[in-house]
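Peer 1: Pasting a structure below so you can have a look.
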Amino acid sequence: MDAFSSLLDGFGTALTPMNLLWAALGVLLGTAIGVLPGIGPAMAVALLLPVTYGLEPTGAFIMFAGIYYGAMFGGSTTSILLNTPGESAAVVAAIEGNPMAKAGRGAQALAAAAGGHFAGGLIGTVLLVALAPAVAELAVGIGAPDYFALMVLAFIAVTSVLGSSRIRGLASLLIGLTLGLVGLDGMTGQQRLTFGSLQLADGIDVVIVAVGLFAIGEALWVAAHLRRTGGDAIPVGRPWLAREDVGRTWKPWLRGPLIGFPLGAIPAGGAEIPTFLSYVTEKRLSRHKDEFGRGAIEGVAGPESAASASAAGTLVSMLTLGLPTTAVAAVMLAAFQQYGIQPGPLLFEREPELVWGLIASLFVGMVLLLALNLPLAPVWAKLLRVPRPYLYAGILFFAATGAYAVGGEALDLVILLVIGLIGFGMRRYGLPVLPAVIGVILGPAAEQQLRRALQISDGSVTGLVDTPFSVTVYAVIVLLLAWPLLRKVLVRRRNVPA
């Protein structure tokens with residue numbers, strides 16, 4: 001009941017004219033960004049961080065949340081119409097959505113995706129309202145060893161599930177941890193990796209790292225692989241669902257959040273895993289298995305619902321524990337730090353207006369998405385005709401301007417370019433970007449919690465595992481690391497003839 005009354009207060013904040021404007025702007029920007037290939041929500045939020053310095057925090061985060069949800073919606077639009085996922089969470093939507101579009105059922109595929117996003121987002125946000133305060137209450141009793149264990153879990157889980165190999169994921173994480181070390185040691189005042197530069201003594205701003213890895217790295221990568229492609233957008237008509245389509249989609253819409261929300265709340269790499277698991281689940285449960293691969297509507301409805309619910313799950317970890325489980329959450333955590341706000345167990349007590357206004361805005365944003373984006377689907381498809389050289393030249397200019405605005409130092413532009421080149425190299429060698437971003441954000445905090453735990457135990461390593469919570473988390477970490485080996489052993493045993 002307390003959460004419900006707080007949510008009503010949040011609606012009072014979210015429904016003010018100015019915050020409604022920020023929500024609508026975020027939804028529109030997010031959808032447009034999701035439609036354009038290669039520009040994900042993380043890059044969008046990173047680019048807008050410097051622009052929002054002058055904004056009031058509640059309005060800025062309402063806009064960021066709108067971008068997050070809108071980008072997922074926009075990514076599915078181009079996945080279905082043009083077989084071009086604008087966002088990684090929309091890759092699965094292309095498997096069944098694009099064959100539907102080629103068969104003249106693009107309108108129904110778009111409607112199934114829209115319904116999935118609305119249902120998944122609605123159920124996921126309701127679960128966020130119900131569970132986030134309870135998680136925050138439990139998290140108040142978590143000590144330094146527990147926080148360090150959680151951060152190690154985040155590092156291990158993200159490096160394990162992203163990229164083509166664990167080694168690449170670990171390499172990316174080490175890059176991020178190294179960048180996070182730059183500056184003065186918080187306890188001893190010793191300079192680390194500053195190369196004698198006083199300007200680096202304060203460390204590298206997280207905003208510059210995020211913009212460099214996402215925007216500059218992606219722009220350089222696209223410029224290096226630019227190909228001129230033509231082709232007109234597929235006409236989409238008016239999105240609608242027949243009674244038979246509704247009968248086949250409502251169960252996937254409800255099943256998606258059961259997969260998406262919990263996997264979004266744990267450090268498992270975002271919406272890619274839950275969308276794939278949802279697709280596999282729908283394929284197994286469907287009565288129309290023969291249609292899969294040729295345009296089964298369940299294969300669009302379920303994964304899109306799971307993707308939307310996973311976004312709500314991501315916010316649970318970020319708001320209550322300060323743990324980002326996706327690239328967008330990592331950049332949003334940097335935004336919290338920009339405003340001097342620390343996400344964690346006490347956030348709901350210290351910043352109730354911001355938190356509940358943000359959560360209420362998610363409900364408002366989903367309604368806006370449904371109302372605005374179905375009629376605008378043909379317009380989003382036409383945005384793909386913008387020549388990529390113009391598009392990415394604008395991104396480079398915007399990124400450089402934003403990075404300079406952070407500190408007003410010319411050195412920041414040099415650092416931005418260097419980090420952009422690192423981002424380009426990471427893409428060249430298949431290193432995922434998310435572990436690096438999480439390393440930059442969580443690395444200094446993990447070091448602080450490690451030192452605090454060792455101080456409490458007088459330097460004894462056993463102090464890191466002296467609570468039931470930390471022991472449980474380390475057991476999960478061991479299981480994560482050992483699972484690939486165990487799976488190989490089990491497969492070999494099955495294949496051994498009796």
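FYI, nothing fancy with the structure tokens labels: chains A, B, ... in order, residues from 1 per chain, ligands from 1 as they appear.
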Might you pull out every residue within 12 Å of A:Ala335, with only C-alpha atoms counted and same-chain residues fewer than 5 positions away left off, and present them as a VMD selection string?
Peer 2: chain A and resid 42 45 to 53 55 to 58 60 to 61 63 to 65 205 to 208 210 318 328 to 330 340 to 343 441
Peer 1: Quick one: contact table of stretch 71-187 of chain A to stretch 353-374 of chain A, 8 Å max, nearest atom pair and distance in Å to one decimal per residue, counting only C-alpha atoms, chain and number order, as CSV?
Peer 2:
```
residue,atom,partner,partner_atom,distance
A:Phe73,CA,A:Leu369,CA,7.9
A:Leu110,CA,A:Leu374,CA,7.7
A:Ala111,CA,A:Leu374,CA,7.5
A:Ala114,CA,A:Leu370,CA,6.6
A:His117,CA,A:Met366,CA,8.0
A:Phe118,CA,A:Met366,CA,6.0
A:Gly121,CA,A:Met366,CA,7.0
A:Leu122,CA,A:Phe363,CA,6.8
A:Thr125,CA,A:Leu362,CA,7.2
A:Val129,CA,A:Ile359,CA,7.5
```
Peer 1: Those residues you just picked out, can you put them in a file as an mmCIF file, in the first residue's frame with C-alpha atoms?
Peer 2:
```cif
data_model
loop_
_atom_site.group_PDB
_atom_site.id
_atom_site.type_symbol
_atom_site.label_atom_id
_atom_site.label_comp_id
_atom_site.auth_asym_id
_atom_site.auth_seq_id
_atom_site.Cartn_x
_atom_site.Cartn_y
_atom_site.Cartn_z
ATOM 1 C CA PHE A 73 10.305 -0.038 -29.904
ATOM 2 C CA LEU A 110 4.237 -4.265 -36.068
ATOM 3 C CA ALA A 111 1.007 -4.492 -34.085
ATOM 4 C CA ALA A 114 3.640 -2.893 -30.188
ATOM 5 C CA HIS A 117 6.115 -3.840 -25.767
ATOM 6 C CA PHE A 118 3.054 -2.408 -24.054
ATOM 7 C CA GLY A 121 6.519 -2.882 -20.158
ATOM 8 C CA LEU A 122 3.286 -2.647 -18.153
ATOM 9 C CA THR A 125 6.872 -1.810 -14.383
ATOM 10 C CA VAL A 129 6.787 -0.975 -8.234
#
```
Peer 1: Could you check the closest approach to A:Asn98 for each of A:Tyr68, A:Leu479, A:Gly183, A:Phe292 and tell me which residue wins, using only C-alpha atoms?
Peer 2: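 Nearest candidate to A:Asn98 out of A:Tyr68, A:Leu479, A:Gly183, A:Phe292: A:Phe292.
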Peer 1: Of the residues A:Ser460, A:Thr78, A:Thr16, A:Thr249, which is the one nearest to A:Ala32, using only C-alpha atoms?
Peer 2: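 Among the listed residues, the smallest separation from A:Ala32 belongs to A:Thr78.
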Peer 1: Quote the spacing between atom CA of A:Thr13 and atom CA of A:Ala134 in Å to one decimal place.
Peer 2: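 Pair atom CA of A:Thr13 / atom CA of A:Ala134 returns 22.2 Å.
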Peer 1: Assign secondary structure with DSSP using the backbone only, and return the residues of stretch 192-321 of chain A in alpha helix (DSSP H) as a PyMOL selection string.
Peer 2: chain A and resi 206-211+217-224+243-265+272-285+298-321
Peer 1: If you count only C-alpha atoms, which residues fall within 9 Å of A:Trp250, apart from same-chain ones fewer than 6 positions away, as a list in words?
Peer 2: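 Here the answer would be Gly115, Gly116, Glu298, Ala301 and Gly302 of chain A.
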Peer 1: Set the distance at 6 Å and use only C-alpha atoms: which residues neighbour A:Thr314 once local chain neighbours fewer than 3 positions away are removed? I'd like the list as a ChimeraX atom specification.
Peer 2: /A:264-265,311,317
Peer 1: Keeping only N, CA and C atoms, take the residues you just selected and write them out as a PDB file, in the first residue's frame.
Peer 2:
```
ATOM      1  N   GLY A 264      16.460  -9.434 -16.731  1.00  0.00           N
ATOM      2  CA  GLY A 264      16.875  -8.035 -16.809  1.00  0.00           C
ATOM      3  C   GLY A 264      17.432  -7.528 -15.493  1.00  0.00           C
ATOM      4  N   ALA A 265      16.943  -8.106 -14.380  1.00  0.00           N
ATOM      5  CA  ALA A 265      17.351  -7.635 -13.048  1.00  0.00           C
ATOM      6  C   ALA A 265      18.709  -8.175 -12.622  1.00  0.00           C
ATOM      7  N   ALA A 311      13.777  -4.312 -19.551  1.00  0.00           N
ATOM      8  CA  ALA A 311      14.170  -2.925 -19.277  1.00  0.00           C
ATOM      9  C   ALA A 311      13.735  -2.517 -17.875  1.00  0.00           C
ATOM     10  N   SER A 317      17.788  -3.317 -10.428  1.00  0.00           N
ATOM     11  CA  SER A 317      19.178  -3.450  -9.978  1.00  0.00           C
ATOM     12  C   SER A 317      19.867  -2.099  -9.884  1.00  0.00           C
TER      13      SER A 317
END
```
Peer 1: Show me, as a ChimeraX atom specification, the residues that have an atom within 7 Å of stretch 435-440 of chain A when counting only C-alpha atoms, minus same-chain residues fewer than 2 positions from it.
Peer 2: /A:158-159,169,172-173,175-177,179-180,210,330,432-433,442-443
Peer 1: Can you work out the spacing between atom CA of A:Thr462 and atom CA of A:Leu480 in Å, to one decimal?
Peer 2: 21.7 Å
Peer 1: Please compute the atom CA of A:Gln337-atom CA of A:Leu396 distance, one decimal, in Å.
Peer 2: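 So the answer is 24.2 Å.
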Peer 1: List every residue of stretch 180-393 of chain A that DSSP, applied to the backbone of this structure, places in strand (DSSP E or B), and write the result as a CSV table (one decimal) with N, CA and C atoms, in the first residue's frame.
Peer 2:
```csv
chain,number,residue,atom,x,y,z
A,183,GLY,N,43.8,8.6,-12.3
A,183,GLY,CA,43.5,9.7,-11.3
A,183,GLY,C,44.2,9.4,-10.0
A,184,LEU,N,43.8,10.1,-9.0
A,184,LEU,CA,44.4,10.0,-7.6
A,184,LEU,C,43.7,8.8,-6.9
A,191,GLN,N,49.2,9.3,-7.4
A,191,GLN,CA,48.7,9.4,-8.7
A,191,GLN,C,48.8,8.0,-9.4
A,192,ARG,N,47.8,7.7,-10.3
A,192,ARG,CA,47.8,6.4,-11.0
A,192,ARG,C,47.5,6.7,-12.4
```
Peer 1: Measuring between only C-alpha atoms, which one of A:Ala109, A:Leu20, A:Ile80, A:Met187 shows the shortest distance to A:Gly66?
Peer 2: A:Leu20
Peer 1: Using only C-alpha atoms, which residue out of A:Leu454, A:Leu29, A:Met18, A:Ala94 lies closest to A:Gly299?
Peer 2: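 The closest residue to A:Gly299 is A:Ala94.
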Peer 1: Can you tell me, as a ChimeraX atom specification, what residues are no more than 8 Å from stretch 415-418 of chain A when counting only C-alpha atoms, ignoring any on the same chain fewer than 3 positions away?
Peer 2: /A:208-209,211-212,216,400,403,411-412,421-422
